[in-house]
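File shown: data_38.cif. Contents: mmCIF, C-alpha atoms and all ligand atoms; chains and numbers go by the auth columns.
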data_work
#
loop_
_atom_site.group_PDB
_atom_site.id
_atom_site.type_symbol
_atom_site.label_atom_id
_atom_site.label_comp_id
_atom_site.label_asym_id
_atom_site.label_seq_id
_atom_site.Cartn_x
_atom_site.Cartn_y
_atom_site.Cartn_z
_atom_site.B_iso_or_equiv
_atom_site.auth_seq_id
_atom_site.auth_asym_id
ATOM 1 C CA MET A 1 39.599 2.743 25.253 0.00 1 A
ATOM 2 C CA ASN A 2 38.330 4.229 21.985 0.00 2 A
ATOM 3 C CA LEU A 3 40.349 6.819 20.167 0.00 3 A
ATOM 4 C CA ILE A 4 40.411 8.876 17.008 0.00 4 A
ATOM 5 C CA LEU A 5 43.515 9.586 14.944 0.00 5 A
ATOM 6 C CA LEU A 6 42.952 12.795 13.008 0.00 6 A
ATOM 7 C CA GLY A 7 45.217 14.186 10.343 0.00 7 A
ATOM 8 C CA PRO A 8 45.448 14.802 6.616 0.00 8 A
ATOM 9 C CA PRO A 9 45.976 11.929 4.190 0.00 9 A
ATOM 10 C CA GLY A 10 49.572 10.716 4.453 0.00 10 A
ATOM 11 C CA ALA A 11 50.054 11.981 8.023 0.00 11 A
ATOM 12 C CA GLY A 12 50.851 8.435 9.150 0.00 12 A
ATOM 13 C CA LYS A 13 47.522 7.605 10.823 0.00 13 A
ATOM 14 C CA GLY A 14 47.446 4.101 9.354 0.00 14 A
ATOM 15 C CA THR A 15 51.017 3.329 10.435 0.00 15 A
ATOM 16 C CA GLN A 16 50.374 4.497 13.995 0.00 16 A
ATOM 17 C CA ALA A 17 46.980 2.772 14.171 0.00 17 A
ATOM 18 C CA LYS A 18 48.627 -0.546 13.227 0.00 18 A
ATOM 19 C CA ARG A 19 51.210 -0.078 15.986 0.00 19 A
ATOM 20 C CA LEU A 20 48.502 0.744 18.546 0.00 20 A
ATOM 21 C CA GLN A 21 46.577 -2.316 17.419 0.00 21 A
ATOM 22 C CA LEU A 22 49.585 -4.545 18.152 0.00 22 A
ATOM 23 C CA LYS A 23 50.577 -2.822 21.389 0.00 23 A
ATOM 24 C CA TYR A 24 47.209 -2.291 23.075 0.00 24 A
ATOM 25 C CA GLY A 25 44.947 -4.838 21.347 0.00 25 A
ATOM 26 C CA LEU A 26 42.715 -2.091 19.979 0.00 26 A
ATOM 27 C CA VAL A 27 41.110 -2.647 16.571 0.00 27 A
ATOM 28 C CA GLN A 28 42.049 -0.312 13.722 0.00 28 A
ATOM 29 C CA LEU A 29 38.923 0.892 11.927 0.00 29 A
ATOM 30 C CA SER A 30 40.097 2.540 8.732 0.00 30 A
ATOM 31 C CA THR A 31 37.166 3.729 6.628 0.00 31 A
ATOM 32 C CA GLY A 32 39.510 4.103 3.634 0.00 32 A
ATOM 33 C CA ASP A 33 40.568 0.419 3.947 0.00 33 A
ATOM 34 C CA MET A 34 36.936 -0.645 4.349 0.00 34 A
ATOM 35 C CA LEU A 35 35.945 1.234 1.198 0.00 35 A
ATOM 36 C CA ARG A 36 38.910 -0.202 -0.729 0.00 36 A
ATOM 37 C CA ALA A 37 37.724 -3.687 0.305 0.00 37 A
ATOM 38 C CA HIS A 38 34.244 -2.883 -1.091 0.00 38 A
ATOM 39 C CA VAL A 39 35.849 -1.675 -4.343 0.00 39 A
ATOM 40 C CA ALA A 40 37.785 -4.960 -4.565 0.00 40 A
ATOM 41 C CA TRP A 41 34.562 -6.965 -3.954 0.00 41 A
ATOM 42 C CA GLY A 42 32.789 -4.891 -6.629 0.00 42 A
ATOM 43 C CA ASP A 43 29.559 -4.658 -4.590 0.00 43 A
ATOM 44 C CA ASP A 44 27.129 -1.665 -4.647 0.00 44 A
ATOM 45 C CA ILE A 45 29.135 0.365 -2.129 0.00 45 A
ATOM 46 C CA GLY A 46 32.352 -0.450 -3.988 0.00 46 A
ATOM 47 C CA GLN A 47 30.913 0.703 -7.316 0.00 47 A
ATOM 48 C CA GLN A 48 29.836 3.992 -5.766 0.00 48 A
ATOM 49 C CA ALA A 49 33.168 4.399 -3.951 0.00 49 A
ATOM 50 C CA LYS A 50 35.428 3.667 -6.926 0.00 50 A
ATOM 51 C CA SER A 51 35.015 6.957 -8.809 0.00 51 A
ATOM 52 C CA ILE A 52 34.488 9.100 -5.693 0.00 52 A
ATOM 53 C CA MET A 53 37.724 7.827 -4.142 0.00 53 A
ATOM 54 C CA ALA A 54 39.708 8.100 -7.370 0.00 54 A
ATOM 55 C CA SER A 55 38.743 11.796 -7.614 0.00 55 A
ATOM 56 C CA GLY A 56 39.619 12.483 -3.960 0.00 56 A
ATOM 57 C CA GLN A 57 36.021 13.409 -3.019 0.00 57 A
ATOM 58 C CA LEU A 58 34.215 12.153 0.084 0.00 58 A
ATOM 59 C CA MET A 59 31.561 9.447 0.326 0.00 59 A
ATOM 60 C CA PRO A 60 28.133 10.465 1.729 0.00 60 A
ATOM 61 C CA ASP A 61 28.041 10.959 5.508 0.00 61 A
ATOM 62 C CA ASP A 62 25.011 8.701 6.135 0.00 62 A
ATOM 63 C CA LEU A 63 26.646 5.762 4.373 0.00 63 A
ATOM 64 C CA MET A 64 29.922 6.175 6.263 0.00 64 A
ATOM 65 C CA ILE A 65 28.121 6.463 9.599 0.00 65 A
ATOM 66 C CA ARG A 66 26.195 3.248 8.883 0.00 66 A
ATOM 67 C CA ILE A 67 29.392 1.394 7.896 0.00 67 A
ATOM 68 C CA ILE A 68 31.172 2.453 11.099 0.00 68 A
ATOM 69 C CA SER A 69 28.182 1.750 13.335 0.00 69 A
ATOM 70 C CA GLU A 70 27.888 -1.823 12.010 0.00 70 A
ATOM 71 C CA ARG A 71 31.626 -2.391 12.378 0.00 71 A
ATOM 72 C CA ILE A 72 31.718 -1.162 15.988 0.00 72 A
ATOM 73 C CA ASP A 73 28.996 -3.680 16.892 0.00 73 A
ATOM 74 C CA ARG A 74 31.324 -6.602 16.114 0.00 74 A
ATOM 75 C CA PRO A 75 32.744 -8.386 19.193 0.00 75 A
ATOM 76 C CA ASP A 76 36.398 -7.585 18.376 0.00 76 A
ATOM 77 C CA CYS A 77 35.715 -3.879 19.100 0.00 77 A
ATOM 78 C CA LYS A 78 34.723 -4.593 22.710 0.00 78 A
ATOM 79 C CA LYS A 79 38.183 -3.849 24.118 0.00 79 A
ATOM 80 C CA GLY A 80 38.426 -0.632 22.137 0.00 80 A
ATOM 81 C CA PHE A 81 39.054 0.739 18.656 0.00 81 A
ATOM 82 C CA ILE A 82 41.065 3.335 16.792 0.00 82 A
ATOM 83 C CA LEU A 83 39.195 5.369 14.218 0.00 83 A
ATOM 84 C CA ASP A 84 41.444 6.160 11.261 0.00 84 A
ATOM 85 C CA GLY A 85 39.822 8.340 8.575 0.00 85 A
ATOM 86 C CA PHE A 86 36.543 8.793 10.447 0.00 86 A
ATOM 87 C CA PRO A 87 35.012 11.229 11.350 0.00 87 A
ATOM 88 C CA ARG A 88 35.954 13.417 8.401 0.00 88 A
ATOM 89 C CA THR A 89 33.126 15.967 8.531 0.00 89 A
ATOM 90 C CA VAL A 90 31.379 17.799 11.374 0.00 90 A
ATOM 91 C CA PRO A 91 28.096 15.859 10.801 0.00 91 A
ATOM 92 C CA GLN A 92 30.096 12.607 11.030 0.00 92 A
ATOM 93 C CA ALA A 93 31.579 13.757 14.374 0.00 93 A
ATOM 94 C CA TRP A 94 28.121 14.604 15.765 0.00 94 A
ATOM 95 C CA ALA A 95 26.630 11.340 14.495 0.00 95 A
ATOM 96 C CA LEU A 96 29.529 9.365 15.964 0.00 96 A
ATOM 97 C CA ASP A 97 28.858 10.761 19.445 0.00 97 A
ATOM 98 C CA ARG A 98 25.121 10.076 19.176 0.00 98 A
ATOM 99 C CA MET A 99 25.746 6.543 17.935 0.00 99 A
ATOM 100 C CA LEU A 100 28.340 5.755 20.618 0.00 100 A
ATOM 101 C CA SER A 101 26.186 7.063 23.453 0.00 101 A
ATOM 102 C CA GLU A 102 23.329 4.807 22.232 0.00 102 A
ATOM 103 C CA LYS A 103 25.794 1.898 22.447 0.00 103 A
ATOM 104 C CA GLY A 104 26.995 2.996 25.929 0.00 104 A
ATOM 105 C CA LYS A 105 30.459 3.900 24.576 0.00 105 A
ATOM 106 C CA ASN A 106 32.481 7.076 24.109 0.00 106 A
ATOM 107 C CA ILE A 107 35.677 8.484 22.614 0.00 107 A
ATOM 108 C CA ALA A 108 38.375 8.879 25.290 0.00 108 A
ATOM 109 C CA VAL A 109 40.949 10.720 23.221 0.00 109 A
ATOM 110 C CA VAL A 110 41.423 12.418 19.859 0.00 110 A
ATOM 111 C CA ILE A 111 44.975 12.723 18.567 0.00 111 A
ATOM 112 C CA GLU A 112 45.650 15.269 15.852 0.00 112 A
ATOM 113 C CA MET A 113 48.774 14.554 13.806 0.00 113 A
ATOM 114 C CA LYS A 114 50.074 17.916 12.591 0.00 114 A
ATOM 115 C CA VAL A 115 52.094 17.851 9.372 0.00 115 A
ATOM 116 C CA ASP A 116 53.594 20.118 6.743 0.00 116 A
ATOM 117 C CA GLN A 117 51.578 20.031 3.490 0.00 117 A
ATOM 118 C CA GLU A 118 54.446 20.004 0.961 0.00 118 A
ATOM 119 C CA ALA A 119 56.267 17.272 2.896 0.00 119 A
ATOM 120 C CA LEU A 120 53.027 15.305 2.849 0.00 120 A
ATOM 121 C CA ILE A 121 52.775 15.467 -0.922 0.00 121 A
ATOM 122 C CA ASP A 122 56.292 14.046 -1.067 0.00 122 A
ATOM 123 C CA ARG A 123 55.334 11.308 1.402 0.00 123 A
ATOM 124 C CA ILE A 124 52.104 10.304 -0.282 0.00 124 A
ATOM 125 C CA SER A 125 53.317 10.363 -3.861 0.00 125 A
ATOM 126 C CA GLY A 126 56.161 7.954 -2.977 0.00 126 A
ATOM 127 C CA ARG A 127 54.211 5.415 -0.969 0.00 127 A
ATOM 128 C CA TYR A 128 53.222 1.907 -2.016 0.00 128 A
ATOM 129 C CA SER A 129 52.333 -1.344 -0.311 0.00 129 A
ATOM 130 C CA CYS A 130 52.690 -5.089 -0.564 0.00 130 A
ATOM 131 C CA ALA A 131 49.861 -6.384 -2.759 0.00 131 A
ATOM 132 C CA LYS A 132 49.613 -9.532 -0.618 0.00 132 A
ATOM 133 C CA CYS A 133 49.840 -8.489 3.069 0.00 133 A
ATOM 134 C CA GLY A 134 49.383 -4.706 2.821 0.00 134 A
ATOM 135 C CA ALA A 135 52.703 -3.779 4.528 0.00 135 A
ATOM 136 C CA GLY A 136 53.470 -0.130 3.748 0.00 136 A
ATOM 137 C CA TYR A 137 56.644 1.151 2.043 0.00 137 A
ATOM 138 C CA HIS A 138 58.022 4.385 0.593 0.00 138 A
ATOM 139 C CA GLU A 139 60.328 4.876 -2.402 0.00 139 A
ATOM 140 C CA ARG A 140 62.759 6.965 -0.346 0.00 140 A
ATOM 141 C CA TYR A 141 61.956 6.655 3.349 0.00 141 A
ATOM 142 C CA GLN A 142 61.005 3.043 3.886 0.00 142 A
ATOM 143 C CA VAL A 143 62.320 0.605 1.306 0.00 143 A
ATOM 144 C CA PRO A 144 62.169 -3.182 1.787 0.00 144 A
ATOM 145 C CA LYS A 145 65.371 -4.732 3.234 0.00 145 A
ATOM 146 C CA ILE A 146 65.763 -6.770 0.042 0.00 146 A
ATOM 147 C CA ASN A 147 64.912 -4.749 -3.032 0.00 147 A
ATOM 148 C CA GLY A 148 61.555 -5.784 -4.495 0.00 148 A
ATOM 149 C CA VAL A 149 60.714 -8.295 -1.731 0.00 149 A
ATOM 150 C CA CYS A 150 58.197 -7.617 1.059 0.00 150 A
ATOM 151 C CA ASP A 151 59.890 -7.727 4.508 0.00 151 A
ATOM 152 C CA ILE A 152 56.805 -9.243 6.106 0.00 152 A
ATOM 153 C CA CYS A 153 55.513 -11.923 3.737 0.00 153 A
ATOM 154 C CA GLY A 154 58.181 -12.249 1.020 0.00 154 A
ATOM 155 C CA SER A 155 55.794 -11.334 -1.800 0.00 155 A
ATOM 156 C CA LYS A 156 57.279 -9.628 -4.868 0.00 156 A
ATOM 157 C CA GLU A 157 54.078 -7.865 -5.852 0.00 157 A
ATOM 158 C CA PHE A 158 53.427 -4.300 -4.795 0.00 158 A
ATOM 159 C CA SER A 159 50.619 -1.861 -5.495 0.00 159 A
ATOM 160 C CA ARG A 160 49.887 1.860 -5.297 0.00 160 A
ATOM 161 C CA ARG A 161 46.622 3.511 -4.367 0.00 161 A
ATOM 162 C CA ALA A 162 44.722 5.041 -7.301 0.00 162 A
ATOM 163 C CA ASP A 163 44.189 8.237 -5.255 0.00 163 A
ATOM 164 C CA ASP A 164 47.890 8.777 -4.487 0.00 164 A
ATOM 165 C CA LYS A 165 48.423 10.777 -7.713 0.00 165 A
ATOM 166 C CA ILE A 166 49.699 14.334 -7.124 0.00 166 A
ATOM 167 C CA ASP A 167 46.517 16.164 -8.315 0.00 167 A
ATOM 168 C CA THR A 168 44.243 13.912 -6.302 0.00 168 A
ATOM 169 C CA VAL A 169 46.513 14.248 -3.283 0.00 169 A
ATOM 170 C CA ARG A 170 46.282 18.060 -3.503 0.00 170 A
ATOM 171 C CA SER A 171 42.497 17.960 -3.665 0.00 171 A
ATOM 172 C CA ARG A 172 42.355 15.502 -0.722 0.00 172 A
ATOM 173 C CA LEU A 173 44.565 17.848 1.296 0.00 173 A
ATOM 174 C CA GLU A 174 42.366 20.850 0.427 0.00 174 A
ATOM 175 C CA GLY A 175 39.339 18.786 1.456 0.00 175 A
ATOM 176 C CA TYR A 176 40.998 17.997 4.775 0.00 176 A
ATOM 177 C CA VAL A 177 41.629 21.666 5.547 0.00 177 A
ATOM 178 C CA LYS A 178 38.147 22.842 4.462 0.00 178 A
ATOM 179 C CA ILE A 179 35.950 19.980 5.581 0.00 179 A
ATOM 180 C CA THR A 180 37.761 18.028 8.303 0.00 180 A
ATOM 181 C CA THR A 181 39.676 20.628 10.356 0.00 181 A
ATOM 182 C CA PRO A 182 36.400 22.304 11.495 0.00 182 A
ATOM 183 C CA ILE A 183 35.987 19.157 13.640 0.00 183 A
ATOM 184 C CA LEU A 184 38.954 20.162 15.832 0.00 184 A
ATOM 185 C CA PRO A 185 37.199 22.850 17.964 0.00 185 A
ATOM 186 C CA TYR A 186 34.411 20.329 18.683 0.00 186 A
ATOM 187 C CA TYR A 187 36.891 17.955 20.345 0.00 187 A
ATOM 188 C CA SER A 188 38.966 20.689 21.949 0.00 188 A
ATOM 189 C CA ASP A 189 35.777 22.012 23.647 0.00 189 A
ATOM 190 C CA LYS A 190 35.266 18.505 25.024 0.00 190 A
ATOM 191 C CA LYS A 191 38.884 18.616 26.340 0.00 191 A
ATOM 192 C CA ILE A 192 39.843 15.365 24.630 0.00 192 A
ATOM 193 C CA LEU A 193 41.946 16.799 21.794 0.00 193 A
ATOM 194 C CA HIS A 194 45.744 16.335 21.838 0.00 194 A
ATOM 195 C CA SER A 195 47.979 17.577 19.017 0.00 195 A
ATOM 196 C CA ILE A 196 51.317 15.987 18.175 0.00 196 A
ATOM 197 C CA ASP A 197 54.131 16.567 15.685 0.00 197 A
ATOM 198 C CA GLY A 198 53.372 14.136 12.869 0.00 198 A
ATOM 199 C CA MET A 199 56.550 15.145 10.999 0.00 199 A
ATOM 200 C CA ALA A 200 58.805 13.417 13.535 0.00 200 A
ATOM 201 C CA ASP A 201 60.121 9.936 12.702 0.00 201 A
ATOM 202 C CA ILE A 202 57.717 7.031 13.139 0.00 202 A
ATOM 203 C CA ASP A 203 59.123 5.885 16.530 0.00 203 A
ATOM 204 C CA THR A 204 59.049 9.420 17.954 0.00 204 A
ATOM 205 C CA VAL A 205 55.432 9.854 16.862 0.00 205 A
ATOM 206 C CA SER A 206 54.603 6.532 18.574 0.00 206 A
ATOM 207 C CA LEU A 207 56.266 7.768 21.773 0.00 207 A
ATOM 208 C CA GLN A 208 54.216 10.975 21.713 0.00 208 A
ATOM 209 C CA ILE A 209 51.038 8.901 21.350 0.00 209 A
ATOM 210 C CA ASP A 210 52.101 6.510 24.150 0.00 210 A
ATOM 211 C CA ASP A 211 52.616 9.507 26.473 0.00 211 A
ATOM 212 C CA ILE A 212 49.139 10.828 25.733 0.00 212 A
ATOM 213 C CA LEU A 213 47.511 7.421 26.256 0.00 213 A
ATOM 214 C CA SER A 214 49.372 6.889 29.553 0.00 214 A
ATOM 215 C CA GLY A 215 48.133 10.301 30.733 0.00 215 A
ATOM 216 C CA VAL A 216 44.549 9.468 29.755 0.00 216 A
ATOM 217 C CA LYS A 217 44.739 6.063 31.489 0.00 217 A
ATOM 218 C CA ALA A 218 46.203 7.640 34.655 0.00 218 A
ATOM 219 C CA ASN A 219 43.368 10.220 34.718 0.00 219 A
ATOM 220 C CA GLU A 220 40.779 7.473 34.181 0.00 220 A
ATOM 221 C CA SER A 221 42.116 5.434 37.121 0.00 221 A
ATOM 222 C CA ALA A 222 42.381 8.548 39.330 0.00 222 A
ATOM 223 C CA ALA A 223 38.722 9.326 38.538 0.00 223 A
ATOM 224 C CA LEU A 224 37.697 5.774 39.546 0.00 224 A
ATOM 225 C CA ASN A 225 39.487 5.975 42.940 0.00 225 A
HETATM 226 P P1 LIG B . 41.829 7.310 3.329 0.00 301 A
HETATM 227 O O1 LIG B . 42.399 5.962 3.091 0.00 301 A
HETATM 228 O O2 LIG B . 41.394 7.526 4.755 0.00 301 A
HETATM 229 O O3 LIG B . 42.710 8.428 2.825 0.00 301 A
HETATM 230 O O4 LIG B . 40.460 7.373 2.474 0.00 301 A
HETATM 231 C C1 LIG B . 40.477 7.217 1.065 0.00 301 A
HETATM 232 C C2 LIG B . 39.180 7.773 0.468 0.00 301 A
HETATM 233 O O5 LIG B . 38.054 7.058 1.007 0.00 301 A
HETATM 234 C C3 LIG B . 38.887 9.232 0.792 0.00 301 A
HETATM 235 O O6 LIG B . 39.566 10.124 -0.082 0.00 301 A
HETATM 236 C C4 LIG B . 37.377 9.272 0.589 0.00 301 A
HETATM 237 O O7 LIG B . 37.028 9.264 -0.768 0.00 301 A
HETATM 238 C C5 LIG B . 36.941 7.932 1.173 0.00 301 A
HETATM 239 N N1 LIG B . 36.668 8.027 2.633 0.00 301 A
HETATM 240 C C6 LIG B . 37.383 7.430 3.648 0.00 301 A
HETATM 241 N N2 LIG B . 36.870 7.733 4.844 0.00 301 A
HETATM 242 C C7 LIG B . 35.808 8.541 4.617 0.00 301 A
HETATM 243 C C8 LIG B . 34.873 9.200 5.449 0.00 301 A
HETATM 244 N N3 LIG B . 34.939 9.099 6.796 0.00 301 A
HETATM 245 N N4 LIG B . 33.911 9.955 4.871 0.00 301 A
HETATM 246 C C9 LIG B . 33.837 10.070 3.536 0.00 301 A
HETATM 247 N N5 LIG B . 34.686 9.482 2.672 0.00 301 A
HETATM 248 C C10 LIG B . 35.673 8.719 3.199 0.00 301 A
#

Target format structure tokens, applied to this file:
Amino acid sequence: MNLILLGPPGAGKGTQAKRLQLKYGLVQLSTGDMLRAHVAWGDDIGQQAKSIMASGQLMPDDLMIRIISERIDRPDCKKGFILDGFPRTVPQAWALDRMLSEKGKNIAVVIEMKVDQEALIDRISGRYSCAKCGAGYHERYQVPKINGVCDICGSKEFSRRADDKIDTVRSRLEGYVKITTPILPYYSDKKILHSIDGMADIDTVSLQIDDILSGVKANESAALN
């Protein structure tokens, strides 16, 4: 099963995608993480991405579509994938459908995580992660069990994203409303859009997603019988 997690930056898409990856064996495809890896490698894409990402702007559609298309072709995506951060524009959504149908695949479900903007700013501006294993933390809502030590790998080094500064966060949120939310009617017309309360605690959000996926699976098996 292939699914899309849609929601503004900081809505918790990455956290939920990681849980779905563990629970269902689906691969998390985060375009933001992919671009950050290119920035760390310092290759051509990374050099282009560095300033665009730091200012909260979007990378060109054609480049993002190519990156995703190549990634989906890898064998680990056979069982299914979770798109996190893609599509982000209407042309990306159209291109995704064209590309998937050429590959004989489709998107089974789109989950929109609805959140309150001011709460998001609070969430994003306090978040950081382990510099070694990438585990996510928050200054107020999710601190490591031992202060300054990663729960997962024991590292004492943490980092913050360059684009998690308040001004950049505001411009990313504005971009989401203007450029990404016009995608929603496209998926609601296809009857695959489900909206959930992304402000609930992490476990409750996971339960809402589990319910939707069980419903989709039940419909798929009913259609086969
Ligand atoms: P994210 O980690 O999803 O918040 O993405 C971080 C940044 O990467 C965004 O602010 C954009 O600059 C860039 N980016 C990620 N995904 C896309 C995409 N699908 N299209 C264009 N730019 C993207």

Here's the selection I'm unsure about, the PyMOL selection byres (((chain A and resi 128) around 8) and not hetatm); applied to the file above, which residues does it give, as a short mmCIF file (atom, residue, chain, number, x, y, z; two decimals) with C-alpha atoms, in the coordinates of the input?
data_model
loop_
_atom_site.label_atom_id
_atom_site.label_comp_id
_atom_site.auth_asym_id
_atom_site.auth_seq_id
_atom_site.Cartn_x
_atom_site.Cartn_y
_atom_site.Cartn_z
CA GLY A 126 56.16 7.95 -2.98
CA ARG A 127 54.21 5.42 -0.97
CA SER A 129 52.33 -1.34 -0.31
CA CYS A 130 52.69 -5.09 -0.56
CA GLY A 136 53.47 -0.13 3.75
CA TYR A 137 56.64 1.15 2.04
CA HIS A 138 58.02 4.38 0.59
CA GLU A 139 60.33 4.88 -2.40
CA PHE A 158 53.43 -4.30 -4.80
CA SER A 159 50.62 -1.86 -5.50
CA ARG A 160 49.89 1.86 -5.30
CA ARG A 161 46.62 3.51 -4.37
#

* To do: Quote the spacing between atom CA of Leu207 of chain A and atom CA of Gln16 of chain A in Å to one decimal place.
  => 10.3 Å

Calculate, to one decimal in Å, the centre and edge lengths of the box along x, y and z of the file that holds all listed atoms of ligand LIG 301 (chain A) with 8 Å of margin on each side, and present them as AutoDock Vina command-line options.
--center_x 38.3 --center_y 8.0 --center_z 3.0 --size_x 24.9 --size_y 20.2 --size_z 23.6

* To do: Can you tell me which residues come within 9 Å of ligand LIG 301 (chain A) when counting only C-alpha atoms and all ligand atoms, ideally as a PyMOL selection string?
  => chain A and resi 8-10+13-14+30-36+49-61+63-65+68+84-89+92+161+163-164+168-169+172+175

* Asked: Which of these, A:Tyr24, A:Glu118, A:Lys18, A:Ser125, has the shortest distance to Ala162 of chain A once you count all atoms listed in the file?
  ->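 Going through A:Tyr24, A:Glu118, A:Lys18, A:Ser125 one by one, the smallest distance to Ala162 of chain A is for A:Ser125.
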
* Residues matched by the PyMOL selection byres (((chain A and resi 5) around 8) and not hetatm), written as a PyMOL selection string -> chain A and resi 3-4+6-7+13+17+82-85+110-113

* **A:Val149, A:Gly154, A:Cys133, A:Met1 ranked by distance to Lys79 of chain A, top pick (using all atoms listed in the file)** =>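 Looking only at the distances to Lys79 of chain A, the closest residue turns out to be A:Met1.
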
* To do: Rank nothing, just name the residue among A:Ala40, A:Ile183, A:Val109, A:Ala223 nearest to Ile209 of chain A, using only C-alpha atoms.
  => A:Val109

* Within 8 Å of Gly198 of chain A, counting all atoms listed in the file, which residues qualify if same-chain residues fewer than 4 places away don't, as a PyMOL selection string? -> chain A and resi 11-12+113-115+205

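Distance annotation: of A:Lys190, A:Asn2, A:Glu70, A:Leu184, the residue with the minimal separation from Leu20 of chain A is A:Asn2; atom set is only C-alpha atoms.
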
* In Å, how far is it from atom CA of Ile212 of chain A to atom CA of Ala108 of chain A? -> 10.9 Å

* To do: State, in Å with one decimal place, the distance from atom CA of Gly134 of chain A to atom CA of Val177 of chain A.
  =>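 Separating atom CA of Gly134 of chain A from atom CA of Val177 of chain A is a distance of 27.6 Å.
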
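The smallest atom-to-atom distance between Lys165 of chain A and any of A:Asp116, A:Ser69, A:Ile121, A:Ser101, using all atoms listed in the file, is found for A:Ile121.
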
* Asked: Given the choices A:Val216, A:Ile202, A:Asp97, A:His194, which gets closest to Thr15 of chain A if the distance is worked out from all atoms listed in the file?
  ->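 Of A:Val216, A:Ile202, A:Asp97, A:His194, the one nearest Thr15 of chain A, counting all atoms listed in the file, is A:Ile202.
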